[in-house]
Amino acid sequence: MLDMKQIAQKWLLPPSVYKWGNYYLYKIKTFLKKDFRKVLRQNISLIRESDSHERCFIIGSGPSLQKTNLKILKNEACFFLNHTYLHEDFNLIENKFCVLSGFACHKHLDQDQISNVLYQLSIYARDAKLILNIQDRAIFESCKFNISKLRYYFNWNLDWSCLNRVELAPNRPICPPQNSVIFAIQVALCMKYKNIYLVGIDHDFILSALTQSQENHFYTEAESKLGNVSVKVSNIASSLAAHSLIWNQHILLNQYAKKLGIAIFNATEGGILDVYPRVSLQDLIQSKT
C-alpha cells in the first residue's frame, strides 16, 4: 500500500517539481526550527579554515596508508575519515578534522560499539574538529566521554539531482553520501578549498565484496572494534550496483568542483579509484617547499 507521500511522488507531481518541493519544504522546516538553524549556522566559521590553507588532504583508511608518510602533512589541513585517527602519525598533524559517517547510517551497530567509538575519540582525537551527520547529534551531545567540543553537524538532505543547481555551503544541506569519502569531499567543497587531495583512498573494497573476503584497512578490525562496516550484499549484481553508486557520486562531485574552478586529485599510492587525476604525494609536498 502506497502512503500519501509516495502517491504524490508517483502520480500527482512531475519528478522535478516533487524534488524541488522537497528542497523548499526543508528550508521552511529549518526556518521554523531555530535550534536546528543555529546548529547549521555555526558551520559558517569553517570557511575561515580555507583562508589560511588553499588546499586540503582527505585521508582514508586504505591499506596503502601503511606505506604512506603522513609526517610530511604536518602543516596541512587534513580530514581523517572514520577510524583513521588510529594512525600513528595522527597527532603530528596540527590542523585536523575527523569526518565520521556516523551511527545513523550504520543501523547494525549496538550500544557497546557506539560507546567504543566515542571512547576512542576521547582518547585519540580530543583536539580534532569533528565533522558529523546531524542525525547523530543527540548521541554526541549527550556523550559521557570527554570528546572534542569542536563539533560541526551537516544535514544530508539535498537530492543529488539538485547538486548542479545550488551552491554547497557549510550552513546548507549536502547530498547523502554513500561513504565517508563522499561526505568529506562535500565538506571540503563547502569550505571552498581550491585543491583537494585524496590519500589512502584505495577504494578496492569492491574486490573484497566480490570475493566475499575481509575488507582491508591500515589497521586491524580488532583495533576499530566495529568489525566490517562495508556495504553488505547478497550477490555480485547487488555489489556492482552498490559500488557503482559510489563511483557515480565521485563523478558528480568532480563535475561540480570543476564548475567552481576547484581541482580534486588522487594522491593515493595504488588503489583503483580512477575518477580524479593522479599525483604523487611526495612530489606534491617537495614542490611546495
# chains A, B, ... in the order shown; residues from 1 in each chain; ligands from 1
$ residues_around --residues "range 104-111 of chain A" --least-positions-apart "2" --cutoff "7 Å" --atoms "only C-alpha atoms" --output "PyMOL selection string"
chain A and resi 102+113-115+135-136
$ residues_around --residues "range 267-278 of chain A" --least-positions-apart "6" --cutoff "6 Å" --atoms "only C-alpha atoms" --output "PyMOL selection string"
chain A and resi 64+198-204
$ closest_residue --among "A:His83, A:Ala184, A:His217, A:Ile264" --to "Leu65 in chain A" --atoms "only C-alpha atoms"
A:His217
$ closest_residue --among "A:Asn43, A:Asn216, A:Asn254, A:Thr84" --to "Phe154 in chain A" --atoms "only C-alpha atoms"
A:Asn43
$ residues_around --residues "range 129-132 of chain A" --least-positions-apart "2" --cutoff "8 Å" --atoms "only C-alpha atoms" --output "MDAnalysis selection string"
chainID A and resid 96:102 127 134 136:137 148:154
$ write_last_selection --atoms "N, CA and C atoms" --output "PDB file, in the first residue's frame"
ATOM      1  N   LYS A  96      43.634  19.385  12.033  1.00  0.00           N
ATOM      2  CA  LYS A  96      42.990  18.137  11.621  1.00  0.00           C
ATOM      3  C   LYS A  96      41.502  18.104  11.957  1.00  0.00           C
ATOM      4  N   PHE A  97      40.787  17.436  11.065  1.00  0.00           N
ATOM      5  CA  PHE A  97      39.355  17.187  11.215  1.00  0.00           C
ATOM      6  C   PHE A  97      39.135  15.673  11.224  1.00  0.00           C
ATOM      7  N   CYS A  98      38.162  15.237  11.979  1.00  0.00           N
ATOM      8  CA  CYS A  98      37.730  13.838  11.935  1.00  0.00           C
ATOM      9  C   CYS A  98      36.342  13.806  11.312  1.00  0.00           C
ATOM     10  N   VAL A  99      36.221  13.118  10.188  1.00  0.00           N
ATOM     11  CA  VAL A  99      34.941  13.011   9.481  1.00  0.00           C
ATOM     12  C   VAL A  99      34.365  11.624   9.753  1.00  0.00           C
ATOM     13  N   LEU A 100      33.219  11.596  10.406  1.00  0.00           N
ATOM     14  CA  LEU A 100      32.606  10.321  10.770  1.00  0.00           C
ATOM     15  C   LEU A 100      31.282  10.153  10.024  1.00  0.00           C
ATOM     16  N   SER A 101      31.182   9.069   9.273  1.00  0.00           N
ATOM     17  CA  SER A 101      29.901   8.799   8.605  1.00  0.00           C
ATOM     18  C   SER A 101      28.820   8.542   9.637  1.00  0.00           C
ATOM     19  N   GLY A 102      29.233   8.086  10.828  1.00  0.00           N
ATOM     20  CA  GLY A 102      28.327   8.083  11.964  1.00  0.00           C
ATOM     21  C   GLY A 102      27.551   6.805  12.198  1.00  0.00           C
ATOM     22  N   ASP A 127      41.653  16.727  20.389  1.00  0.00           N
ATOM     23  CA  ASP A 127      41.968  18.074  19.891  1.00  0.00           C
ATOM     24  C   ASP A 127      41.579  18.262  18.431  1.00  0.00           C
ATOM     25  N   ILE A 134      24.168  15.209  11.163  1.00  0.00           N
ATOM     26  CA  ILE A 134      23.292  15.860  12.140  1.00  0.00           C
ATOM     27  C   ILE A 134      22.325  14.874  12.802  1.00  0.00           C
ATOM     28  N   ASP A 136      23.165  12.247  14.141  1.00  0.00           N
ATOM     29  CA  ASP A 136      23.870  11.699  15.295  1.00  0.00           C
ATOM     30  C   ASP A 136      24.072  12.731  16.397  1.00  0.00           C
ATOM     31  N   ARG A 137      23.475  13.887  16.230  1.00  0.00           N
ATOM     32  CA  ARG A 137      23.734  14.979  17.167  1.00  0.00           C
ATOM     33  C   ARG A 137      23.384  14.599  18.609  1.00  0.00           C
ATOM     34  N   SER A 148      36.006  15.988  21.761  1.00  0.00           N
ATOM     35  CA  SER A 148      36.204  17.366  21.322  1.00  0.00           C
ATOM     36  C   SER A 148      34.897  18.153  21.327  1.00  0.00           C
ATOM     37  N   LYS A 149      34.975  19.378  21.773  1.00  0.00           N
ATOM     38  CA  LYS A 149      33.793  20.247  21.774  1.00  0.00           C
ATOM     39  C   LYS A 149      33.642  20.986  20.445  1.00  0.00           C
ATOM     40  N   LEU A 150      34.622  20.838  19.571  1.00  0.00           N
ATOM     41  CA  LEU A 150      34.544  21.460  18.244  1.00  0.00           C
ATOM     42  C   LEU A 150      33.828  20.498  17.315  1.00  0.00           C
ATOM     43  N   ARG A 151      32.497  20.575  17.334  1.00  0.00           N
ATOM     44  CA  ARG A 151      31.671  19.625  16.575  1.00  0.00           C
ATOM     45  C   ARG A 151      30.824  20.385  15.554  1.00  0.00           C
ATOM     46  N   TYR A 152      30.879  19.926  14.307  1.00  0.00           N
ATOM     47  CA  TYR A 152      30.149  20.564  13.216  1.00  0.00           C
ATOM     48  C   TYR A 152      29.243  19.529  12.561  1.00  0.00           C
ATOM     49  N   TYR A 153      27.948  19.831  12.552  1.00  0.00           N
ATOM     50  CA  TYR A 153      26.958  18.878  12.047  1.00  0.00           C
ATOM     51  C   TYR A 153      26.471  19.289  10.659  1.00  0.00           C
ATOM     52  N   PHE A 154      26.363  18.305   9.779  1.00  0.00           N
ATOM     53  CA  PHE A 154      25.874  18.546   8.425  1.00  0.00           C
ATOM     54  C   PHE A 154      24.599  17.727   8.181  1.00  0.00           C
TER      55      PHE A 154
END
$ select_by_dssp --residues "range 33-243 of chain A" --states "strand (DSSP E or B)" --output "compact mmCIF listing (two decimals) with C-alpha atoms, in the first residue's frame"
# COMPACT_ATOMS: atom_id res chain seq x y z
CA ARG A 55 44.45 23.06 -0.19
CA CYS A 56 43.41 20.17 2.00
CA PHE A 57 44.07 16.44 2.24
CA ILE A 58 41.38 13.81 2.78
CA ILE A 59 42.96 10.78 4.41
CA ALA A 77 44.74 20.88 6.66
CA CYS A 78 43.79 17.20 6.90
CA PHE A 79 40.45 15.40 7.05
CA PHE A 80 40.78 11.97 8.65
CA LEU A 81 37.98 9.54 7.81
CA ASN A 95 45.15 21.24 11.72
CA LYS A 96 42.99 18.14 11.62
CA PHE A 97 39.36 17.19 11.22
CA CYS A 98 37.73 13.84 11.94
CA VAL A 99 34.94 13.01 9.48
CA LYS A 129 37.46 19.15 14.91
CA LEU A 130 34.62 16.67 14.38
CA ILE A 131 32.57 16.65 11.16
CA LEU A 132 29.33 14.76 11.83
CA ASN A 133 25.96 13.70 10.50
CA ARG A 151 31.67 19.62 16.57
CA TYR A 152 30.15 20.56 13.22
CA TYR A 153 26.96 18.88 12.05
CA PHE A 154 25.87 18.55 8.43
CA ASN A 195 42.72 21.97 -4.30
CA ILE A 196 41.57 18.75 -2.66
CA TYR A 197 43.87 15.72 -2.46
CA LEU A 198 42.82 12.16 -1.61
CA VAL A 199 45.29 9.99 0.32
$ atom_distance --atom1 "CA of Asp112 in chain A" --atom2 "CA of Phe145 in chain A"
13.5 Å
$ atom_distance --atom1 "CA of Phe218 in chain A" --atom2 "CA of Pro63 in chain A"
4.2 Å
$ closest_residue --among "A:Tyr124, A:Glu76, A:Asn116, A:Thr68" --to "Asn91 in chain A" --atoms "only C-alpha atoms"
A:Tyr124
$ closest_atom_pairs --of "range 38-122 of chain A" --to "range 159-175 of chain A" --cutoff "6 Å" --atoms "only C-alpha atoms" --output "CSV"
residue,atom,partner,partner_atom,distance
A:Leu40,CA,A:Asn171,CA,4.7
A:Arg41,CA,A:Asn171,CA,5.2
A:Asn43,CA,A:Pro170,CA,5.2
A:Ile44,CA,A:Pro170,CA,5.5
$ write_last_selection --atoms "N, CA, C and O atoms" --output "JSON list (two decimals), in the first residue's frame"
[["chain", "number", "residue", "atom", "x", "y", "z"],
["A", 40, "LEU", "N", 23.39, 24.55, 12.33],
["A", 40, "LEU", "CA", 23.96, 24.64, 10.99],
["A", 40, "LEU", "C", 24.69, 25.96, 10.78],
["A", 40, "LEU", "O", 25.69, 26.01, 10.07],
["A", 41, "ARG", "N", 24.20, 27.03, 11.40],
["A", 41, "ARG", "CA", 24.79, 28.35, 11.20],
["A", 41, "ARG", "C", 26.22, 28.42, 11.75],
["A", 41, "ARG", "O", 27.07, 29.13, 11.21],
["A", 43, "ASN", "N", 28.40, 26.33, 11.42],
["A", 43, "ASN", "CA", 29.31, 25.75, 10.43],
["A", 43, "ASN", "C", 29.97, 26.80, 9.55],
["A", 43, "ASN", "O", 31.00, 26.53, 8.92],
["A", 44, "ILE", "N", 29.38, 28.00, 9.50],
["A", 44, "ILE", "CA", 29.92, 29.06, 8.64],
["A", 44, "ILE", "C", 31.36, 29.38, 9.03],
["A", 44, "ILE", "O", 32.18, 29.74, 8.18]]
$ residues_around --residues "Gly261 in chain A" --least-positions-apart "5" --cutoff "10 Å" --atoms "only C-alpha atoms" --output "NGL selection string"
:A and (192 or 194-195 or 256)
$ write_last_selection --atoms "N, CA and C atoms" --output "PDB file, in the first residue's frame"
ATOM      1  N   LYS A 192      35.370  25.690   0.459  1.00  0.00           N
ATOM      2  CA  LYS A 192      35.984  26.438  -0.644  1.00  0.00           C
ATOM      3  C   LYS A 192      37.504  26.266  -0.745  1.00  0.00           C
ATOM      4  N   LYS A 194      40.720  25.290  -2.692  1.00  0.00           N
ATOM      5  CA  LYS A 194      40.979  25.357  -4.135  1.00  0.00           C
ATOM      6  C   LYS A 194      41.454  24.016  -4.695  1.00  0.00           C
ATOM      7  N   ASN A 195      42.195  23.272  -3.878  1.00  0.00           N
ATOM      8  CA  ASN A 195      42.719  21.971  -4.296  1.00  0.00           C
ATOM      9  C   ASN A 195      42.457  20.946  -3.198  1.00  0.00           C
ATOM     10  N   TYR A 256      30.984  18.969 -10.406  1.00  0.00           N
ATOM     11  CA  TYR A 256      30.598  20.155  -9.635  1.00  0.00           C
ATOM     12  C   TYR A 256      31.831  20.988  -9.286  1.00  0.00           C
TER      13      TYR A 256
END
$ closest_residue --among "A:Glu49, A:Asn75, A:Leu86, A:Asn155" --to "Arg37 in chain A" --atoms "only C-alpha atoms"
A:Asn155
$ closest_residue --among "A:Ile47, A:Val187, A:Ile93, A:Phe140" --to "Asn69 in chain A" --atoms "only C-alpha atoms"
A:Ile93
$ closest_residue --among "A:Leu46, A:Val181, A:Ile285, A:Leu260" --to "Trp247 in chain A" --atoms "only C-alpha atoms"
A:Val181
$ select_by_dssp --residues "range 97-195 of chain A" --states "alpha helix (DSSP H)" --output "PyMOL selection string"
chain A and resi 111-124+137-141+180-190
